[in-house]
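Peer 1: Handing over work.pdb, PDB, C-alpha atoms.
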ATOM      1  CA  MET A  22       0.000   0.000   0.000
ATOM      2  CA  ILE A  23       1.332   3.434  -0.926
ATOM      3  CA  ILE A  24       0.872   6.071   1.789
ATOM      4  CA  GLU A  25       0.924   9.791   1.103
ATOM      5  CA  LEU A  26       2.845  11.539   3.863
ATOM      6  CA  GLY A  27       2.685  14.963   2.271
ATOM      7  CA  PRO A  28       3.024  16.719  -1.074
ATOM      8  CA  LYS A  29       5.429  14.677  -3.216
ATOM      9  CA  LEU A  30       6.306  12.478  -0.212
ATOM     10  CA  HIS A  31       5.120   8.879  -0.286
ATOM     11  CA  ALA A  32       5.940   5.730   1.655
ATOM     12  CA  LEU A  33       5.311   2.018   1.288
ATOM     13  CA  CYS A  34       3.476  -0.133   3.815
ATOM     14  CA  PRO A  35       4.049  -3.720   2.615
ATOM     15  CA  THR A  36       1.255  -6.270   2.990
ATOM     16  CA  LEU A  37       3.333  -7.909   5.722
ATOM     17  CA  HIS A  38       2.967  -4.732   7.796
ATOM     18  CA  LEU A  39      -0.767  -4.099   7.401
ATOM     19  CA  THR A  40      -1.939  -6.083  10.437
ATOM     20  CA  ASP A  41      -0.480  -7.588  13.610
ATOM     21  CA  SER A  42      -1.381 -11.148  12.709
ATOM     22  CA  SER A  43      -0.349 -11.222   9.044
ATOM     23  CA  SER A  44      -1.238 -14.891   9.158
ATOM     24  CA  PRO A  45      -0.633 -16.823   5.969
ATOM     25  CA  SER A  46      -4.389 -17.351   5.489
ATOM     26  CA  SER A  47      -5.324 -13.681   5.997
ATOM     27  CA  LEU A  48      -2.654 -12.545   3.535
ATOM     28  CA  THR A  49      -3.613 -15.178   0.966
ATOM     29  CA  ASN A  50      -7.294 -14.255   1.238
ATOM     30  CA  SER A  51      -6.616 -10.536   0.830
ATOM     31  CA  GLN A  52      -4.283 -11.056  -2.100
ATOM     32  CA  SER A  53      -6.720 -13.389  -3.844
ATOM     33  CA  LYS A  54      -9.365 -10.642  -3.734
ATOM     34  CA  GLY A  55      -6.923  -8.492  -5.666
ATOM     35  CA  ASN A  56      -7.610  -5.412  -3.564
ATOM     36  CA  THR A  57      -5.684  -5.134  -0.328
ATOM     37  CA  LEU A  58      -7.331  -1.826   0.627
ATOM     38  CA  GLU A  59     -10.790  -3.340   0.304
ATOM     39  CA  SER A  60      -9.924  -6.486   2.246
ATOM     40  CA  PHE A  61      -8.594  -4.453   5.194
ATOM     41  CA  ARG A  62     -11.505  -1.976   5.026
ATOM     42  CA  LEU A  63      -9.283   0.995   4.333
ATOM     43  CA  LYS A  64     -10.461   3.948   2.321
ATOM     44  CA  GLU A  65      -8.424   6.397   0.313
ATOM     45  CA  GLY A  66      -7.904   9.621   2.238
ATOM     46  CA  LYS A  67      -8.330   8.039   5.678
ATOM     47  CA  THR A  68      -5.758   9.101   8.302
ATOM     48  CA  LEU A  69      -4.025   6.152   9.968
ATOM     49  CA  PRO A  70      -1.223   5.735  12.540
ATOM     50  CA  PHE A  71       2.036   4.286  11.214
ATOM     51  CA  ARG A  72       5.599   3.915  12.416
ATOM     52  CA  VAL A  73       8.660   4.185  10.180
ATOM     53  CA  VAL A  74      10.382   0.799   9.816
ATOM     54  CA  SER A  75      13.230   1.950   7.591
ATOM     55  CA  THR A  76      14.427   4.727   5.327
ATOM     56  CA  ASP A  77      16.893   4.868   2.456
ATOM     57  CA  ILE A  78      17.719   8.460   1.591
ATOM     58  CA  GLU A  79      19.707   7.591  -1.555
ATOM     59  CA  LYS A  80      16.826   5.532  -2.979
ATOM     60  CA  ARG A  81      14.253   7.968  -1.555
ATOM     61  CA  LYS A  82      12.481   5.036   0.074
ATOM     62  CA  ILE A  83      10.418   4.972   3.280
ATOM     63  CA  VAL A  84       8.873   1.777   4.651
ATOM     64  CA  LEU A  85       6.098   1.966   7.256
ATOM     65  CA  THR A  86       4.258  -0.446   9.509
ATOM     66  CA  ALA A  87       0.597  -0.327  10.524
ATOM     67  CA  LYS A  88       0.919  -3.226  12.976
ATOM     68  CA  LYS A  89      -0.901  -1.874  16.034
ATOM     69  CA  THR A  90       1.418  -3.568  18.512
ATOM     70  CA  LEU A  91       4.500  -2.021  16.876
ATOM     71  CA  VAL A  92       2.890   1.398  16.444
ATOM     72  CA  LYS A  93       1.700   1.569  20.072
ATOM     73  CA  SER A  94       4.608  -0.282  21.706
ATOM     74  CA  THR A  95       6.199   1.346  24.726
ATOM     75  CA  LYS A  96       9.057  -1.178  24.758
ATOM     76  CA  ALA A  97      12.526  -0.378  23.452
ATOM     77  CA  ILE A  98      12.920   0.380  19.761
ATOM     78  CA  ILE A  99      15.788  -1.625  18.338
ATOM     79  CA  SER A 100      17.213   0.221  15.331
ATOM     80  CA  ASP A 101      20.892  -0.778  15.489
ATOM     81  CA  TYR A 102      23.047  -3.608  16.816
ATOM     82  CA  ASN A 103      24.323  -1.672  19.821
ATOM     83  CA  VAL A 104      21.616  -2.823  22.240
ATOM     84  CA  GLU A 105      21.796  -3.312  25.970
ATOM     85  CA  GLU A 106      21.469  -6.972  26.944
ATOM     86  CA  GLY A 107      18.196  -7.630  28.757
ATOM     87  CA  LYS A 108      16.261  -5.024  26.733
ATOM     88  CA  GLU A 109      12.709  -6.033  25.884
ATOM     89  CA  ALA A 110      11.283  -5.140  22.485
ATOM     90  CA  HIS A 111       8.563  -5.953  20.019
ATOM     91  CA  GLY A 112       9.590  -7.277  16.637
ATOM     92  CA  TYR A 113       8.115  -9.339  13.837
ATOM     93  CA  VAL A 114       8.971 -12.778  12.496
ATOM     94  CA  LEU A 115      10.964 -12.658   9.261
ATOM     95  CA  GLY A 116      11.325 -16.414   8.967
ATOM     96  CA  VAL A 117      11.840 -19.760  10.621
ATOM     97  CA  LYS A 118      15.128 -21.511   9.877
ATOM     98  CA  PRO A 119      14.889 -25.286  10.351
ATOM     99  CA  GLY A 120      17.410 -26.528  12.889
ATOM    100  CA  VAL A 121      18.444 -22.972  13.799
ATOM    101  CA  GLY A 122      15.570 -20.865  15.132
ATOM    102  CA  VAL A 123      13.351 -17.876  14.375
ATOM    103  CA  VAL A 124      14.623 -14.700  12.689
ATOM    104  CA  VAL A 125      13.040 -11.533  14.103
ATOM    105  CA  GLY A 126      13.003  -8.156  12.354
ATOM    106  CA  PHE A 127      13.234  -4.750  13.987
ATOM    107  CA  TYR A 128      13.656  -1.195  12.739
ATOM    108  CA  ASN A 129      16.255   0.016  10.229
ATOM    109  CA  GLY A 130      16.868  -3.491   8.854
ATOM    110  CA  VAL A 131      18.125  -4.901  12.172
ATOM    111  CA  ARG A 132      17.610  -8.639  12.542
ATOM    112  CA  GLY A 133      18.053 -10.995  15.436
ATOM    113  CA  LEU A 134      17.971 -14.737  15.981
ATOM    114  CA  VAL A 135      15.990 -16.647  18.567
ATOM    115  CA  ARG A 136      17.698 -20.030  18.817
ATOM    116  CA  TYR A 137      15.575 -23.138  19.315
ATOM    117  CA  THR A 138      16.609 -23.291  22.968
ATOM    118  CA  GLU A 139      15.252 -19.757  23.512
ATOM    119  CA  LEU A 140      11.828 -20.197  21.868
ATOM    120  CA  GLY A 141       9.967 -20.596  25.135
ATOM    121  CA  GLN A 142       9.620 -22.454  28.373
ATOM    122  CA  GLU A 143       8.750 -25.700  26.622
ATOM    123  CA  PHE A 144      10.725 -27.337  23.822
ATOM    124  CA  ILE A 145       9.080 -26.807  20.433
ATOM    125  CA  ASP A 146       9.619 -29.593  17.899
ATOM    126  CA  HIS A 147       8.205 -27.724  14.896
ATOM    127  CA  PRO A 148       8.522 -23.929  15.203
ATOM    128  CA  ASN A 149       6.753 -23.541  11.839
ATOM    129  CA  ASP A 150       3.591 -24.659  13.633
ATOM    130  CA  CYS A 151       3.917 -21.824  16.179
ATOM    131  CA  TYR A 152       5.523 -18.960  14.271
ATOM    132  CA  HIS A 153       4.774 -17.430  10.875
ATOM    133  CA  VAL A 154       6.225 -14.597   8.835
ATOM    134  CA  GLY A 155       4.825 -11.236   9.898
ATOM    135  CA  GLN A 156       3.779 -12.385  13.368
ATOM    136  CA  VAL A 157       4.437  -9.782  16.074
ATOM    137  CA  VAL A 158       6.502 -11.143  18.962
ATOM    138  CA  SER A 159       7.853  -9.829  22.235
ATOM    139  CA  CYS A 160      11.456 -10.742  22.936
ATOM    140  CA  GLN A 161      14.464  -9.964  25.062
ATOM    141  CA  VAL A 162      18.043  -9.307  23.956
ATOM    142  CA  VAL A 163      20.309 -12.099  25.255
ATOM    143  CA  LYS A 164      23.552 -11.062  23.571
ATOM    144  CA  CYS A 165      24.657  -8.535  20.988
ATOM    145  CA  ASN A 166      27.808  -8.072  18.973
ATOM    146  CA  PRO A 167      27.702  -4.694  17.190
ATOM    147  CA  GLU A 168      30.983  -5.296  15.315
ATOM    148  CA  ARG A 169      29.618  -8.457  13.666
ATOM    149  CA  LYS A 170      26.039  -7.144  13.468
ATOM    150  CA  LYS A 171      24.753 -10.093  15.496
ATOM    151  CA  LEU A 172      21.800 -10.023  17.838
ATOM    152  CA  PHE A 173      20.678 -13.041  19.859
ATOM    153  CA  LEU A 174      17.233 -13.001  21.408
ATOM    154  CA  SER A 175      14.931 -15.010  23.630
ATOM    155  CA  PHE A 176      11.168 -15.466  23.710
ATOM    156  CA  GLY A 177      11.736 -17.127  27.096
ATOM    157  CA  LEU A 178       9.026 -16.024  29.464
ATOM    158  CA  PHE A 179       7.285 -13.857  26.886
ATOM    159  CA  LYS A 180       4.082 -14.874  25.185
ATOM    160  CA  LEU A 181       3.248 -14.430  21.544
ATOM    161  CA  ILE A 182       1.314 -11.293  20.730
ATOM    162  CA  PHE A 183      -0.729 -12.838  17.880
TER     163      PHE A 183
END
Please re-express this file's structure in structure tokens.
Peer 2:
Amino acid sequence: MIIELGPKLHALCPTLHLTDSSSPSSLTNSQSKGNTLESFRLKEGKTLPFRVVSTDIEKRKIVLTAKKTLVKSTKAIISDYNVEEGKEAHGYVLGVKPGVGVVVGFYNGVRGLVRYTELGQEFIDHPNDCYHVGQVVSCQVVKCNPERKKLFLSFGLFKLIF
């Protein structure tokens, strides 16, 4: 969805960032209708709250999110790899890597990994059954290495948002 921020200033809100759940079935259903605006009951000209996910000045590109949990979150905003260990933040699932864990996205292209051992209090055999791309999650920073751009996270005691 293209969002007009002002005269000659537009931004993109990808389908992945339209709702908190972004479940595979809801995205498939909306895409099959061929009209994402209609399927999410949005009307042209309506004012909506967004949060900037990333910007690229050289490419003149702005990416926004409309995920309510991310827009209204009072937790830390992770936008670089220099993060204090123990910080709690909301992010969104970018993917599930078999045998490795869940990749979580944050602001400004920052990504972190939740290893299988950090997925929760109980061992999860098939993370694909519990996590899907676009799902909003609450996590905690376990370890960060700014020089190598590595961020390790835990879902630990946190529950899934959607």
Peer 1: Between A:Gly133, A:Pro70, A:Gly122, A:Pro35, which is the closest to Ile83 in chain A once you count all atoms listed in the file?
Peer 2: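 For Ile83 in chain A, the nearest of the candidates is A:Pro35.
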Peer 1: The PyMOL selection byres ((chain A and resi 82) around 12) on the file shown: which residues, as a PyMOL selection string?
Peer 2: chain A and resi 23-24+30-34+73-81+83-85+129
Peer 1: Can you report as AutoDock Vina command-line options the centre and edge lengths in Å, to one decimal, of an axis-aligned box around the listed atoms of range 100-105 of chain A padded with 8 Å on each side?
Peer 2:
--center_x 20.8 --center_y -1.7 --center_z 20.7 --size_x 23.1 --size_y 19.8 --size_z 26.6
Peer 1: Rounded to one decimal, what separation in Å do you get between CA of Ala97 in chain A and CA of Thr40 in chain A?
Peer 2: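 We find that CA of Ala97 in chain A and CA of Thr40 in chain A lie 20.3 Å from each other.
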Peer 1: Residue by residue, what does the PyMOL selection byres ((chain A and resi 112) around 6) grab here? Present the result as a list in words.
Peer 2: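 That expression, the PyMOL selection byres ((chain A and resi 112) around 6), corresponds here to His111, Tyr113, Gly126, Phe127, Val157 and Val158 of chain A.
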Peer 1: Just how far from CA of Val154 in chain A is CA of Glu106 in chain A, in Å to one decimal?
Peer 2: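 Atom-to-atom, CA of Glu106 in chain A to CA of Val154 in chain A, that is 24.9 Å.
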Peer 1: So the first atom is CA of Tyr137 in chain A and the second is CA of Glu109 in chain A; what is the distance between them in Å, to one decimal place?
Peer 2: 18.5 Å
Peer 1: With all atoms listed in the file as the counted atoms, please give the residues lying no more than 12 Å from Ser159 in chain A, apart from itself and same-chain residues fewer than 3 positions off, as JSON, numbers by chain.
Peer 2: {"A": [90, 91, 94, 95, 96, 97, 98, 108, 109, 110, 111, 112, 113, 114, 125, 126, 127, 135, 140, 141, 156, 162, 174, 175, 176, 177, 178, 179, 180, 181, 182, 183]}
Peer 1: Nearest to Ser100 in chain A: which of A:Leu115, A:Val163, A:Leu172, A:Met22 is it, counting all atoms listed in the file?
Peer 2: A:Leu172
Peer 1: Choose the residue, out of A:Ile99, A:Val92, A:Leu26, A:Val124, that has the smallest atom-to-atom separation from Gly155 in chain A; count only C-alpha atoms.
Peer 2: A:Val124
Peer 1: Some atoms are missing, so please complete range 109-123 of chain A with N, CA, C and O atoms and return it as an mmCIF file, in the coordinates of the input.
Peer 2:
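And here is the file that came out, out_29.cif:
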data_model
loop_
_atom_site.group_PDB
_atom_site.id
_atom_site.type_symbol
_atom_site.label_atom_id
_atom_site.label_comp_id
_atom_site.auth_asym_id
_atom_site.auth_seq_id
_atom_site.Cartn_x
_atom_site.Cartn_y
_atom_site.Cartn_z
ATOM 1 N N GLU A 109 13.901 -5.394 26.422
ATOM 2 C CA GLU A 109 12.709 -6.033 25.884
ATOM 3 C C GLU A 109 12.203 -5.192 24.726
ATOM 4 O O GLU A 109 12.211 -3.960 24.800
ATOM 5 N N ALA A 110 11.765 -5.857 23.667
ATOM 6 C CA ALA A 110 11.283 -5.140 22.485
ATOM 7 C C ALA A 110 10.255 -5.966 21.734
ATOM 8 O O ALA A 110 10.208 -7.191 21.863
ATOM 9 N N HIS A 111 9.455 -5.276 20.955
ATOM 10 C CA HIS A 111 8.563 -5.953 20.019
ATOM 11 C C HIS A 111 9.268 -6.016 18.670
ATOM 12 O O HIS A 111 9.966 -5.082 18.278
ATOM 13 N N GLY A 112 9.069 -7.108 17.983
ATOM 14 C CA GLY A 112 9.590 -7.277 16.637
ATOM 15 C C GLY A 112 8.591 -8.101 15.849
ATOM 16 O O GLY A 112 7.484 -8.353 16.313
ATOM 17 N N TYR A 113 8.997 -8.520 14.658
ATOM 18 C CA TYR A 113 8.115 -9.339 13.837
ATOM 19 C C TYR A 113 8.925 -10.456 13.193
ATOM 20 O O TYR A 113 10.108 -10.294 12.885
ATOM 21 N N VAL A 114 8.292 -11.597 13.033
ATOM 22 C CA VAL A 114 8.971 -12.778 12.496
ATOM 23 C C VAL A 114 9.265 -12.575 11.012
ATOM 24 O O VAL A 114 8.363 -12.276 10.223
ATOM 25 N N LEU A 115 10.545 -12.731 10.658
ATOM 26 C CA LEU A 115 10.964 -12.658 9.261
ATOM 27 C C LEU A 115 11.028 -14.046 8.638
ATOM 28 O O LEU A 115 10.902 -14.191 7.425
ATOM 29 N N GLY A 116 11.249 -15.052 9.475
ATOM 30 C CA GLY A 116 11.325 -16.414 8.967
ATOM 31 C C GLY A 116 11.700 -17.403 10.050
ATOM 32 O O GLY A 116 12.156 -17.025 11.127
ATOM 33 N N VAL A 117 11.472 -18.665 9.733
ATOM 34 C CA VAL A 117 11.840 -19.760 10.621
ATOM 35 C C VAL A 117 12.876 -20.593 9.891
ATOM 36 O O VAL A 117 12.625 -21.070 8.787
ATOM 37 N N LYS A 118 14.054 -20.739 10.489
ATOM 38 C CA LYS A 118 15.128 -21.511 9.877
ATOM 39 C C LYS A 118 15.182 -22.888 10.536
ATOM 40 O O LYS A 118 15.506 -22.980 11.726
ATOM 41 N N PRO A 119 14.877 -23.933 9.780
ATOM 42 C CA PRO A 119 14.889 -25.286 10.351
ATOM 43 C C PRO A 119 16.248 -25.606 10.979
ATOM 44 O O PRO A 119 17.295 -25.338 10.401
ATOM 45 N N GLY A 120 16.195 -26.141 12.191
ATOM 46 C CA GLY A 120 17.410 -26.528 12.889
ATOM 47 C C GLY A 120 18.182 -25.373 13.499
ATOM 48 O O GLY A 120 19.202 -25.577 14.151
ATOM 49 N N VAL A 121 17.723 -24.138 13.290
ATOM 50 C CA VAL A 121 18.444 -22.972 13.799
ATOM 51 C C VAL A 121 17.571 -22.173 14.766
ATOM 52 O O VAL A 121 17.916 -22.001 15.914
ATOM 53 N N GLY A 122 16.450 -21.658 14.284
ATOM 54 C CA GLY A 122 15.570 -20.865 15.132
ATOM 55 C C GLY A 122 14.708 -19.915 14.332
ATOM 56 O O GLY A 122 14.470 -20.106 13.145
ATOM 57 N N VAL A 123 14.251 -18.855 14.979
ATOM 58 C CA VAL A 123 13.351 -17.876 14.375
ATOM 59 C C VAL A 123 14.105 -16.560 14.190
ATOM 60 O O VAL A 123 14.752 -16.068 15.114
#
